[in-house]
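Beneath this line is the structure, given in structure tokens, with notes to follow.
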Amino acid sequence: MSHHGVGLRAVTRSVAFLTAGVLAVPLLTACGGDEDQASKPLAGQDIAPAARSLLADGGTLRWAVDSVPETLNTFQADADATTTRVAQAVLPSMFRLDANGRPVRNADFLESAKVVDTEPRQVVLYKLHQQAVWSDGREIGAADFAAQWRALSGKNSAYWTARNAGYDRIAKVQRGANDLEVKVTFSRPYADWKSLFSPLYPKEVMGTPDSFNDGARRKLKVTAGPFNLKKVAKADGDVVLVRSPRWWGSTPKLDGIVLHAVPRDKRAWALAAGKVDVAEIDPAEAERIVLAARGKSTPLQGPGAARTPARALRSWAVAHGSDEEAADAETIARSAQRKADAKYEEQQQSLSGFEVRKSLEPAYTQLALNGADGPLADERVRRAVARALDREELAGLVLKPLGLPAVPVGSHLALSGQAAYADNSGALGGQDTDEAEALLADAGWVQGGPLGKPKKVAGGEGKKADGESASPTASPKAGESAGDEDGNYIVGDDDKPYGEPVREDHQDPLDHQKQQDGSGKTNLAQDGKQSLHKHPDQGGAPAGAYAPKGTPAPAGAAAGALAKNGKPLTLRFVLPSGPGSATLRAVGDRIARMLDRVGIRTAVTKVSDDSYFKDHIASGQYDLALYSWPASAFPATDARPIYAKPVPAADGSLNVEQNYTRVGTDQVDQLFDQAIATLDEGKSASLVRKADARIWAAGGSIPLFQRPQLLAVKKNVANLGAFGFQTPVYEDMGFLKKGVTPGSKSSPRP
């Protein structure tokens with residue numbers, strides 16, 4: 001799973017228990033949650049809506065994706081976001097999500113679906129659309145539902161399924177009164193029955209283990225959606241979809257969609273080069289596109305900003321070479337820079353044909369606290385970390401420069417707009433330095449006492465992104481920061497009396513990248529080295545000057561370091577080092593500074609994106625980490641593996657499912673079980689809220705902010721962009737007719 005967001009139903013598949021008895025839990029119901037206020041998402045969609053009559057018939061849309069999927073079967077372990085996108089366009093779904101993140105009947109496939117019996121067992125009756133057929137002409141029916149149930153029930157281990165939640169509660173699937181009816185009988189009540197059969201695969205895929213395991217990895221011979229799968233061209237990085245001639249719904253406006261793999265750091269180039277028409281982008285690229293539309297260059301990347309190799313050569317020649325060498329280097333530098341500037345301006349001109357469509361993604365970023373061992377095994381220390389954080393400041397750091405609502409997320413299990421959402425953060429409490437310090441003192445962490453060298457982080461020596469090891473205590477060269485982009489450094493550890501003030505005017509990685517764009521607004525850019533805390537006694541100029549003894553510490557200064565049994569309170573903070581993770585690293589830096597103020601030191605290690613989740617988060621080699629979870633319309637089912645209490649496996653290991661913080665309680669498990677088995681939607685949502693309040697109280701993870709959703713889209717593309725919660729409607733995407741201006745509500749001009 002990517003640390004920055006994936007489809008939840010694609011990842012919720014398939015350490016000691018810590019009681020809350022030491023500390024009183026303030027409130028274990030929907031604390032401070034006003035359900036009426038949570039009725040709408042924090043940010044609306046931004047998809048340039050247009051009536052179908054304003055769209056041209058035809059054209060191929062080129063859409064950037066992270067990679068060509070390894071499988072087209074969403075129920076396999078290596079399914080990814082592109083797998084989901086293909087399935088949405090070419091396969092049936094009984095329910096889809098609306099703009100509020102709530103499941104609604106898909107009228108193209110269902111006439112109706114409802115619970116028709118509850119005693120002695122729950123029975124759901126599906127009435128299918130009369131014209132619903134597979135691409136080979138066969139009617140969609142009970143045989144397809146039954147094949148998918150048998151494949152995903154978990155009873156046949158020959159099927160290599162990644163998840164079977166819900167399908168394992170089905171007792172039987174039968175034909176109803178006619179071929180258009182499917183009757184599903186459950187062995188146990190299941191509140192999230194609307195999550196099932198979306199997507200629905202044909203019996204040709206689900207019918208046998210061989211066809212399930214291998215038959216749908218690279219091709220789908222039979223589909224049923226507005227588009228068909230034409231081919232998967234791994235070598236070209238393309239997945240090609242074409243309009244389905246058998247589609248009975250609204251005729252797709254596009255002839256086809258090409259999902260083209262483009263690395264995150266190459267998206268701006270691909271857009272400018274005409275390789276793609278739409279791409280999810282990072283804030284730095286978004287800023288560049290916004291300025292391109294105004295005929296400007298970005299402050300950080302425009303002409304004259306980059307230190308090119310030619311300029312580096314000139315600088316060296318001026319400092320060390322002869323006058324002739326310096327002159328030659330100057331000529332080379334000027335020539336190379338002129339070419340770079342011309343190429344850059346050409347790209348900016350091309351990017352002026354795009355616009356940024358933005359909203360909030362249906363996913364949130366959290367601070368995960370590994371409670372398996374170490375200081376964070378103590379609930380009091382976890383709660384102290386949480387009380388040290390200013391979540392409003394962290395949300396504002398990321399979202400305000402983008403013009404998006406900077407509201408902290410108040411739930412682990414739902415987002416604002418969804419039925420189960422309520423702000424339950426009151427079960428843990430807001431930012432309170434005094435309370436954080438009191439919790440640490442109660443746990444035995446006090447100022448003073450001998451402090452040894454900091455422990456090695458991330459399972460021994462931290463690994464750089466390029467595989468080279470780096471010691472967390474290595475001294476930098478003169479003039480360098482105590483750490484680098486891919487190495488390790490200790491925030492707050494300077495081998496000085498910790499009561500001395502530390503200057504707080506060093507730049508934050510995001511603060512120094514907010515540039516004026518001429519309109520008076522600040523814009524978020526992401527590249528460049530981070531400003532790191534410097535060890536003053538390691539040579540070179542220190543990062544902060546020390547005031548004379550007796551000078552009062554400035555507001556927000558670092559607190560004295562804490563120790564217990566001769567060991568300092570230092571937490572391993574693991575962050576990704578990839579080019580698309582700059583915002584995450586900036587948030588991590590700000591968190592480290594907040595913890596520093598209550599005496600908690602952080603040993604920060606930056607690792608490659610490929611290694612980040614697999615080698616650190618999933619394996620438990622961290623104390624603190626930042627990663628995202630998507631929101632689900634079915635939290636009782638999908639979120640349970642993320643927060644379930646870890647249990648010992650038969651081989652003596654610990655089965656954590658997706659609970660990578662290793663923090664869980666019996667009460668949370670019981671509330672999830674009750675919510676799943678309660679058919680009253682209101683009661684089920686109430687139980688989910690109670691479970692969330694207990695998750696907050698345990699302090700294993702701290703939701704911070706909803707992730708920004710930024711897409712660069714060609715200006716003449718309509719009904720596509722930042723969808724927020726809503727499932728995309730692929731048949732309504734298209735190019736505006738000639739003469740129609742974006743945002744127009746009338747017919748095209750003659």
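Residues in the structure tokens are named by chain (A, B, ... in the order shown) and by number from 1 within that chain; ligands are numbered from 1 in the order shown.
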
Quick one: everything within 7 Å of range 614-626 of chain A, counting only C-alpha atoms, minus sequence neighbours fewer than 5 positions away in the same chain. Send it as a PDB file with C-alpha atoms, in the first residue's frame.
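part21.pdb written:
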ATOM      1  CA  THR A 365      -3.069  11.755   6.606  1.00  0.00           C
ATOM      2  CA  GLN A 366      -2.371  10.501  10.111  1.00  0.00           C
ATOM      3  CA  LEU A 367       0.523  10.325  12.535  1.00  0.00           C
ATOM      4  CA  ALA A 368       0.950   6.655  13.428  1.00  0.00           C
ATOM      5  CA  LEU A 369       2.401   5.743  16.840  1.00  0.00           C
ATOM      6  CA  ASN A 370       3.835   2.228  17.093  1.00  0.00           C
ATOM      7  CA  ALA A 458      15.040   2.191  11.688  1.00  0.00           C
ATOM      8  CA  GLY A 459      16.356  -1.178  12.764  1.00  0.00           C
ATOM      9  CA  LEU A 571      11.485   8.376  19.088  1.00  0.00           C
ATOM     10  CA  ARG A 572      12.344   6.953  15.663  1.00  0.00           C
ATOM     11  CA  PHE A 573      10.518   9.074  13.080  1.00  0.00           C
ATOM     12  CA  VAL A 574      10.566   7.482   9.617  1.00  0.00           C
ATOM     13  CA  LEU A 575       9.672   9.576   6.566  1.00  0.00           C
ATOM     14  CA  TYR A 660       0.373  -1.220  11.813  1.00  0.00           C
TER      15      TYR A 660
END

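Across the model, the gap from CA of Asp78 in chain A to CA of Ala270 in chain A is 26.2 Å.
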
Q) Mind pulling up the distance from CA of Lys127 in chain A to CA of Lys221 in chain A? A) 25.3 Å

Q: Grab the CA of Gln674 in chain A to CA of Asp168 in chain A distance for me, in Å with one decimal place.
A: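 Between these atoms lies a distance of 16.6 Å.
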
Q: Identify all residues of range 209-437 of chain A in strand (DSSP E or B) (DSSP on the backbone) and supply them as an MDAnalysis selection string.
A: chainID A and resid 227:233 238:243 256:261 278:280 354:369 408

Mind dumping the selected residues with N, CA, C and O atoms as a short mmCIF file (atom, residue, chain, number, x, y, z; two decimals), in the first residue's frame?
data_model
loop_
_atom_site.label_atom_id
_atom_site.label_comp_id
_atom_site.auth_asym_id
_atom_site.auth_seq_id
_atom_site.Cartn_x
_atom_site.Cartn_y
_atom_site.Cartn_z
N PHE A 227 -17.27 1.35 -21.30
CA PHE A 227 -16.07 1.10 -22.08
C PHE A 227 -15.68 -0.38 -21.98
O PHE A 227 -16.02 -1.07 -21.02
N ASN A 228 -14.97 -0.84 -22.99
CA ASN A 228 -14.36 -2.16 -22.99
C ASN A 228 -12.86 -2.02 -22.87
O ASN A 228 -12.29 -0.98 -23.24
N LEU A 229 -12.21 -3.05 -22.38
CA LEU A 229 -10.75 -3.08 -22.33
C LEU A 229 -10.23 -3.59 -23.67
O LEU A 229 -10.50 -4.72 -24.06
N LYS A 230 -9.49 -2.74 -24.38
CA LYS A 230 -8.93 -3.14 -25.67
C LYS A 230 -7.60 -3.87 -25.48
O LYS A 230 -7.39 -4.95 -26.04
N LYS A 231 -6.69 -3.27 -24.70
CA LYS A 231 -5.40 -3.93 -24.50
C LYS A 231 -4.68 -3.31 -23.30
O LYS A 231 -4.96 -2.19 -22.88
N VAL A 232 -3.74 -4.09 -22.78
CA VAL A 232 -2.79 -3.61 -21.77
C VAL A 232 -1.41 -3.71 -22.41
O VAL A 232 -0.93 -4.81 -22.68
N ALA A 233 -0.80 -2.57 -22.67
CA ALA A 233 0.51 -2.53 -23.33
C ALA A 233 1.55 -2.13 -22.29
O ALA A 233 1.84 -0.95 -22.10
N ASP A 238 0.70 1.70 -21.29
CA ASP A 238 -0.66 2.08 -21.61
C ASP A 238 -1.68 1.00 -21.26
O ASP A 238 -1.42 -0.19 -21.44
N VAL A 239 -2.83 1.45 -20.78
CA VAL A 239 -4.04 0.63 -20.71
C VAL A 239 -5.06 1.34 -21.59
O VAL A 239 -5.40 2.50 -21.34
N VAL A 240 -5.55 0.65 -22.62
CA VAL A 240 -6.40 1.28 -23.62
C VAL A 240 -7.84 0.81 -23.45
O VAL A 240 -8.13 -0.39 -23.51
N LEU A 241 -8.75 1.76 -23.25
CA LEU A 241 -10.19 1.50 -23.15
C LEU A 241 -10.88 2.10 -24.37
O LEU A 241 -10.52 3.20 -24.82
N VAL A 242 -11.88 1.40 -24.88
CA VAL A 242 -12.63 1.89 -26.04
C VAL A 242 -14.12 1.82 -25.75
O VAL A 242 -14.58 1.02 -24.94
N ARG A 243 -14.88 2.67 -26.42
CA ARG A 243 -16.32 2.74 -26.23
C ARG A 243 -16.96 1.38 -26.51
O ARG A 243 -16.63 0.71 -27.48
N GLY A 256 -12.45 6.78 -26.68
CA GLY A 256 -11.61 5.93 -25.85
C GLY A 256 -10.87 6.71 -24.79
O GLY A 256 -10.84 7.95 -24.78
N ILE A 257 -10.30 5.97 -23.85
CA ILE A 257 -9.48 6.52 -22.77
C ILE A 257 -8.19 5.72 -22.73
O ILE A 257 -8.22 4.49 -22.71
N VAL A 258 -7.06 6.42 -22.72
CA VAL A 258 -5.77 5.76 -22.57
C VAL A 258 -5.21 6.14 -21.20
O VAL A 258 -4.97 7.33 -20.93
N LEU A 259 -5.04 5.15 -20.35
CA LEU A 259 -4.40 5.36 -19.05
C LEU A 259 -2.91 5.16 -19.25
O LEU A 259 -2.45 4.04 -19.54
N HIS A 260 -2.15 6.24 -19.15
CA HIS A 260 -0.73 6.23 -19.50
C HIS A 260 0.11 6.41 -18.24
O HIS A 260 -0.07 7.38 -17.49
N ALA A 261 1.04 5.50 -18.00
CA ALA A 261 1.88 5.54 -16.80
C ALA A 261 2.90 6.66 -16.91
O ALA A 261 3.70 6.70 -17.85
N VAL A 278 -4.80 14.86 -18.70
CA VAL A 278 -5.17 15.02 -17.29
C VAL A 278 -4.19 14.23 -16.44
O VAL A 278 -3.75 13.14 -16.82
N ALA A 279 -3.81 14.81 -15.30
CA ALA A 279 -2.85 14.15 -14.41
C ALA A 279 -3.03 14.67 -12.99
O ALA A 279 -3.20 15.89 -12.78
N GLU A 280 -2.98 13.77 -12.05
CA GLU A 280 -2.92 14.18 -10.65
C GLU A 280 -1.53 14.72 -10.39
O GLU A 280 -0.54 14.11 -10.80
N PHE A 354 -3.72 24.32 -19.66
CA PHE A 354 -4.26 23.48 -18.59
C PHE A 354 -4.73 24.34 -17.43
O PHE A 354 -4.34 25.50 -17.29
N GLU A 355 -5.56 23.76 -16.60
CA GLU A 355 -5.97 24.41 -15.36
C GLU A 355 -5.92 23.40 -14.23
O GLU A 355 -5.94 22.19 -14.46
N VAL A 356 -5.82 23.91 -13.01
CA VAL A 356 -5.77 23.06 -11.83
C VAL A 356 -7.17 22.96 -11.24
O VAL A 356 -7.80 23.99 -10.94
N ARG A 357 -7.67 21.75 -11.12
CA ARG A 357 -8.95 21.51 -10.46
C ARG A 357 -8.67 20.84 -9.12
O ARG A 357 -7.94 19.85 -9.07
N LYS A 358 -9.21 21.40 -8.07
CA LYS A 358 -8.80 20.98 -6.74
C LYS A 358 -9.99 20.74 -5.83
O LYS A 358 -11.03 21.36 -5.93
N SER A 359 -9.79 19.80 -4.93
CA SER A 359 -10.75 19.51 -3.87
C SER A 359 -9.98 18.78 -2.78
O SER A 359 -8.75 18.80 -2.75
N LEU A 360 -10.72 18.14 -1.89
CA LEU A 360 -10.11 17.30 -0.87
C LEU A 360 -10.33 15.84 -1.23
O LEU A 360 -11.44 15.43 -1.56
N GLU A 361 -9.26 15.08 -1.19
CA GLU A 361 -9.32 13.67 -1.52
C GLU A 361 -10.08 12.91 -0.43
O GLU A 361 -10.04 13.29 0.73
N PRO A 362 -10.78 11.83 -0.77
CA PRO A 362 -11.43 11.01 0.27
C PRO A 362 -10.40 10.15 0.98
O PRO A 362 -10.44 8.92 0.95
N ALA A 363 -9.45 10.80 1.62
CA ALA A 363 -8.39 10.12 2.37
C ALA A 363 -7.80 11.13 3.35
O ALA A 363 -7.86 12.34 3.11
N TYR A 364 -7.25 10.64 4.44
CA TYR A 364 -6.65 11.55 5.42
C TYR A 364 -5.26 11.07 5.80
O TYR A 364 -4.94 9.89 5.76
N THR A 365 -4.42 12.04 6.13
CA THR A 365 -3.07 11.76 6.61
C THR A 365 -3.09 11.69 8.12
O THR A 365 -3.70 12.54 8.78
N GLN A 366 -2.40 10.70 8.66
CA GLN A 366 -2.37 10.50 10.11
C GLN A 366 -0.93 10.38 10.58
O GLN A 366 -0.02 10.05 9.81
N LEU A 367 -0.73 10.66 11.87
CA LEU A 367 0.52 10.32 12.53
C LEU A 367 0.30 9.00 13.24
O LEU A 367 -0.55 8.88 14.12
N ALA A 368 1.06 7.98 12.82
CA ALA A 368 0.95 6.66 13.43
C ALA A 368 1.98 6.52 14.55
O ALA A 368 3.13 6.91 14.39
N LEU A 369 1.54 5.96 15.68
CA LEU A 369 2.40 5.74 16.84
C LEU A 369 2.48 4.24 17.11
O LEU A 369 1.47 3.61 17.44
N PRO A 408 -8.88 20.18 10.70
CA PRO A 408 -8.37 18.87 11.09
C PRO A 408 -9.44 17.80 11.00
O PRO A 408 -10.63 18.06 11.23
#

Q. Can you list, as JSON, numbers by chain, every protein, DNA or RNA residue that comes within 10 Å of Ala286 in chain A when you count only C-alpha atoms, leaving out same-chain residues fewer than 4 positions away?
A. {"A": [268, 280, 281, 282, 290, 291, 292, 355, 356, 357, 358, 402, 523, 524, 525, 710, 711, 712]}

**Q.** Option closest in space to Arg52 in chain A, from A:Thr665, A:Thr74, A:Thr251, A:Thr741 [counting only C-alpha atoms]
**A.**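 Residue with the minimum atom-to-atom distance to Arg52 in chain A: A:Thr251.
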
**Q.** For Pro635 in chain A: contacts at 12 Å, only C-alpha atoms, fewer than 2 positions along chain excluded, given as a PyMOL selection string
**A.** chain A and resi 8-9+12+101-102+165+191-192+195+411-415+418-421+629-633+637-643+671-673+675-676+684-689+691-692

Dump of N, CA and C atoms for the selected residues, as a CSV table (one decimal), in the first residue's frame:
chain,number,residue,atom,x,y,z
A,8,LEU,N,-9.3,1.9,-0.4
A,8,LEU,CA,-9.3,1.2,0.8
A,8,LEU,C,-9.7,-0.3,0.6
A,9,ARG,N,-10.7,-0.5,-0.3
A,9,ARG,CA,-11.2,-1.8,-0.4
A,9,ARG,C,-10.2,-2.7,-1.2
A,12,THR,N,-7.6,-3.3,2.4
A,12,THR,CA,-8.1,-4.0,3.7
A,12,THR,C,-8.4,-5.4,3.4
A,101,GLY,N,-20.0,10.8,-0.4
A,101,GLY,CA,-19.3,9.6,0.0
A,101,GLY,C,-20.2,8.5,0.6
A,102,ARG,N,-21.5,8.5,0.1
A,102,ARG,CA,-22.5,7.6,0.6
A,102,ARG,C,-22.9,6.7,-0.6
A,165,ALA,N,-14.3,-10.1,3.0
A,165,ALA,CA,-15.2,-9.5,4.0
A,165,ALA,C,-16.6,-9.4,3.4
A,191,ALA,N,-24.6,-5.5,7.9
A,191,ALA,CA,-25.1,-4.2,7.6
A,191,ALA,C,-24.5,-3.6,6.3
A,192,ASP,N,-23.3,-4.0,5.9
A,192,ASP,CA,-22.7,-3.4,4.8
A,192,ASP,C,-22.9,-4.2,3.5
A,195,SER,N,-21.9,-3.0,0.0
A,195,SER,CA,-20.5,-3.1,-0.5
A,195,SER,C,-20.3,-4.2,-1.4
A,411,SER,N,-12.2,12.2,12.8
A,411,SER,CA,-12.6,10.8,12.9
A,411,SER,C,-11.6,9.9,12.2
A,412,HIS,N,-11.3,8.7,12.7
A,412,HIS,CA,-10.5,7.7,12.0
A,412,HIS,C,-11.4,6.9,10.9
A,413,LEU,N,-12.7,7.0,11.1
A,413,LEU,CA,-13.5,6.0,10.3
A,413,LEU,C,-14.4,6.7,9.3
A,414,ALA,N,-14.4,8.0,9.2
A,414,ALA,CA,-15.3,8.6,8.2
A,414,ALA,C,-14.8,10.1,8.0
A,415,LEU,N,-15.2,10.7,7.0
A,415,LEU,CA,-14.8,12.1,6.7
A,415,LEU,C,-16.1,12.9,6.6
A,418,GLN,N,-19.9,12.1,5.3
A,418,GLN,CA,-20.3,10.7,5.3
A,418,GLN,C,-21.2,10.5,6.6
A,419,ALA,N,-22.0,9.5,6.5
A,419,ALA,CA,-23.0,9.3,7.5
A,419,ALA,C,-22.4,9.0,8.9
A,420,ALA,N,-21.3,8.3,8.9
A,420,ALA,CA,-20.7,7.9,10.2
A,420,ALA,C,-19.8,9.0,10.8
A,421,TYR,N,-19.7,10.1,10.1
A,421,TYR,CA,-18.7,11.1,10.6
A,421,TYR,C,-19.2,11.9,11.9
A,629,TRP,N,-4.8,6.9,5.0
A,629,TRP,CA,-5.8,5.9,4.8
A,629,TRP,C,-6.9,6.5,4.0
A,630,PRO,N,-7.5,5.8,3.1
A,630,PRO,CA,-8.7,6.3,2.4
A,630,PRO,C,-9.9,6.2,3.2
A,631,ALA,N,-10.9,7.0,3.0
A,631,ALA,CA,-12.2,6.9,3.7
A,631,ALA,C,-13.0,5.8,3.0
A,632,SER,N,-13.9,5.2,3.7
A,632,SER,CA,-14.7,4.1,3.2
A,632,SER,C,-16.2,4.4,3.5
A,633,ALA,N,-17.0,4.1,2.5
A,633,ALA,CA,-18.5,4.2,2.8
A,633,ALA,C,-19.0,3.1,3.7
A,637,THR,N,-16.9,-2.6,8.0
A,637,THR,CA,-16.2,-3.7,7.3
A,637,THR,C,-14.8,-3.4,7.0
A,638,ASP,N,-14.6,-2.2,6.3
A,638,ASP,CA,-13.3,-1.9,5.8
A,638,ASP,C,-12.2,-1.4,6.8
A,639,ALA,N,-12.7,-0.7,7.8
A,639,ALA,CA,-11.7,-0.2,8.8
A,639,ALA,C,-11.4,-1.2,9.9
A,640,ARG,N,-12.2,-2.2,10.1
A,640,ARG,CA,-12.0,-3.1,11.2
A,640,ARG,C,-10.6,-3.7,11.2
A,641,PRO,N,-10.0,-4.2,10.0
A,641,PRO,CA,-8.7,-4.7,10.0
A,641,PRO,C,-7.6,-3.7,10.4
A,642,ILE,N,-7.9,-2.4,10.2
A,642,ILE,CA,-6.9,-1.4,10.5
A,642,ILE,C,-6.8,-1.1,12.0
A,643,TYR,N,-7.9,-1.3,12.7
A,643,TYR,CA,-7.9,-1.0,14.2
A,643,TYR,C,-8.2,-2.2,15.1
A,671,LEU,N,-17.4,-3.2,19.3
A,671,LEU,CA,-18.3,-2.2,18.6
A,671,LEU,C,-18.3,-2.4,17.1
A,672,PHE,N,-17.2,-2.8,16.5
A,672,PHE,CA,-17.2,-3.1,15.1
A,672,PHE,C,-18.1,-4.3,14.8
A,673,ASP,N,-18.0,-5.3,15.6
A,673,ASP,CA,-18.8,-6.5,15.4
A,673,ASP,C,-20.3,-6.1,15.5
A,675,ALA,N,-21.7,-3.1,15.0
A,675,ALA,CA,-22.0,-2.3,13.8
A,675,ALA,C,-22.2,-3.1,12.6
A,676,ILE,N,-21.4,-4.1,12.3
A,676,ILE,CA,-21.5,-4.9,11.1
A,676,ILE,C,-22.8,-5.7,11.1
A,684,SER,N,-26.1,1.5,13.3
A,684,SER,CA,-24.8,1.1,12.9
A,684,SER,C,-23.8,2.2,12.8
A,685,ALA,N,-24.3,3.4,12.3
A,685,ALA,CA,-23.4,4.6,12.2
A,685,ALA,C,-23.1,5.0,13.6
A,686,SER,N,-24.0,5.0,14.6
A,686,SER,CA,-23.8,5.4,16.0
A,686,SER,C,-22.7,4.5,16.6
A,687,LEU,N,-22.8,3.2,16.3
A,687,LEU,CA,-21.8,2.2,16.9
A,687,LEU,C,-20.4,2.5,16.3
A,688,VAL,N,-20.3,2.9,15.0
A,688,VAL,CA,-19.1,3.2,14.4
A,688,VAL,C,-18.5,4.5,15.1
A,689,ARG,N,-19.3,5.4,15.4
A,689,ARG,CA,-18.8,6.6,16.1
A,689,ARG,C,-18.3,6.3,17.5
A,691,ALA,N,-17.0,3.5,18.3
A,691,ALA,CA,-15.7,2.8,18.1
A,691,ALA,C,-14.6,3.8,17.8
A,692,ASP,N,-14.9,4.8,17.1
A,692,ASP,CA,-13.9,5.8,16.8
A,692,ASP,C,-13.5,6.6,18.0

Q: Would you list the contacts of Val115 in chain A as an MDAnalysis selection string, taking every protein, DNA or RNA residue within 7 Å and counting only C-alpha atoms, but skipping same-chain residues closer than 4 positions in sequence?
A: chainID A and resid 122:125

Restrict the selected residues to C-alpha atoms and save them as an mmCIF file, in the first residue's frame.
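Everything below was put into out33.cif:
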data_model
loop_
_atom_site.group_PDB
_atom_site.id
_atom_site.type_symbol
_atom_site.label_atom_id
_atom_site.label_comp_id
_atom_site.auth_asym_id
_atom_site.auth_seq_id
_atom_site.Cartn_x
_atom_site.Cartn_y
_atom_site.Cartn_z
ATOM 1 C CA GLN A 122 -31.340 -11.587 6.182
ATOM 2 C CA VAL A 123 -32.312 -11.757 2.502
ATOM 3 C CA VAL A 124 -31.447 -9.124 -0.100
ATOM 4 C CA LEU A 125 -33.330 -9.093 -3.409
#

Q. Can you list every residue in range 175-324 of chain A that DSSP puts in helix (DSSP H, G or I), as a PyMOL selection string?
A. chain A and resi 193-195+203-206+209-215+264-272+283-293+309-320+323-324

Q | Shell of 7 Å around range 66-73 of chain A, only C-alpha atoms, local chain residues under 5 positions omitted, as number ranges by chain | A | A: 78-80, 82-83, 216-218, 234, 237-239, 261-263

Q: Do a neighbour search on Ala563 in chain A at 6 Å with only C-alpha atoms, toss out local chain neighbours closer than 6 positions, and write the hits as number ranges by chain.
A: A: 445-446, 569
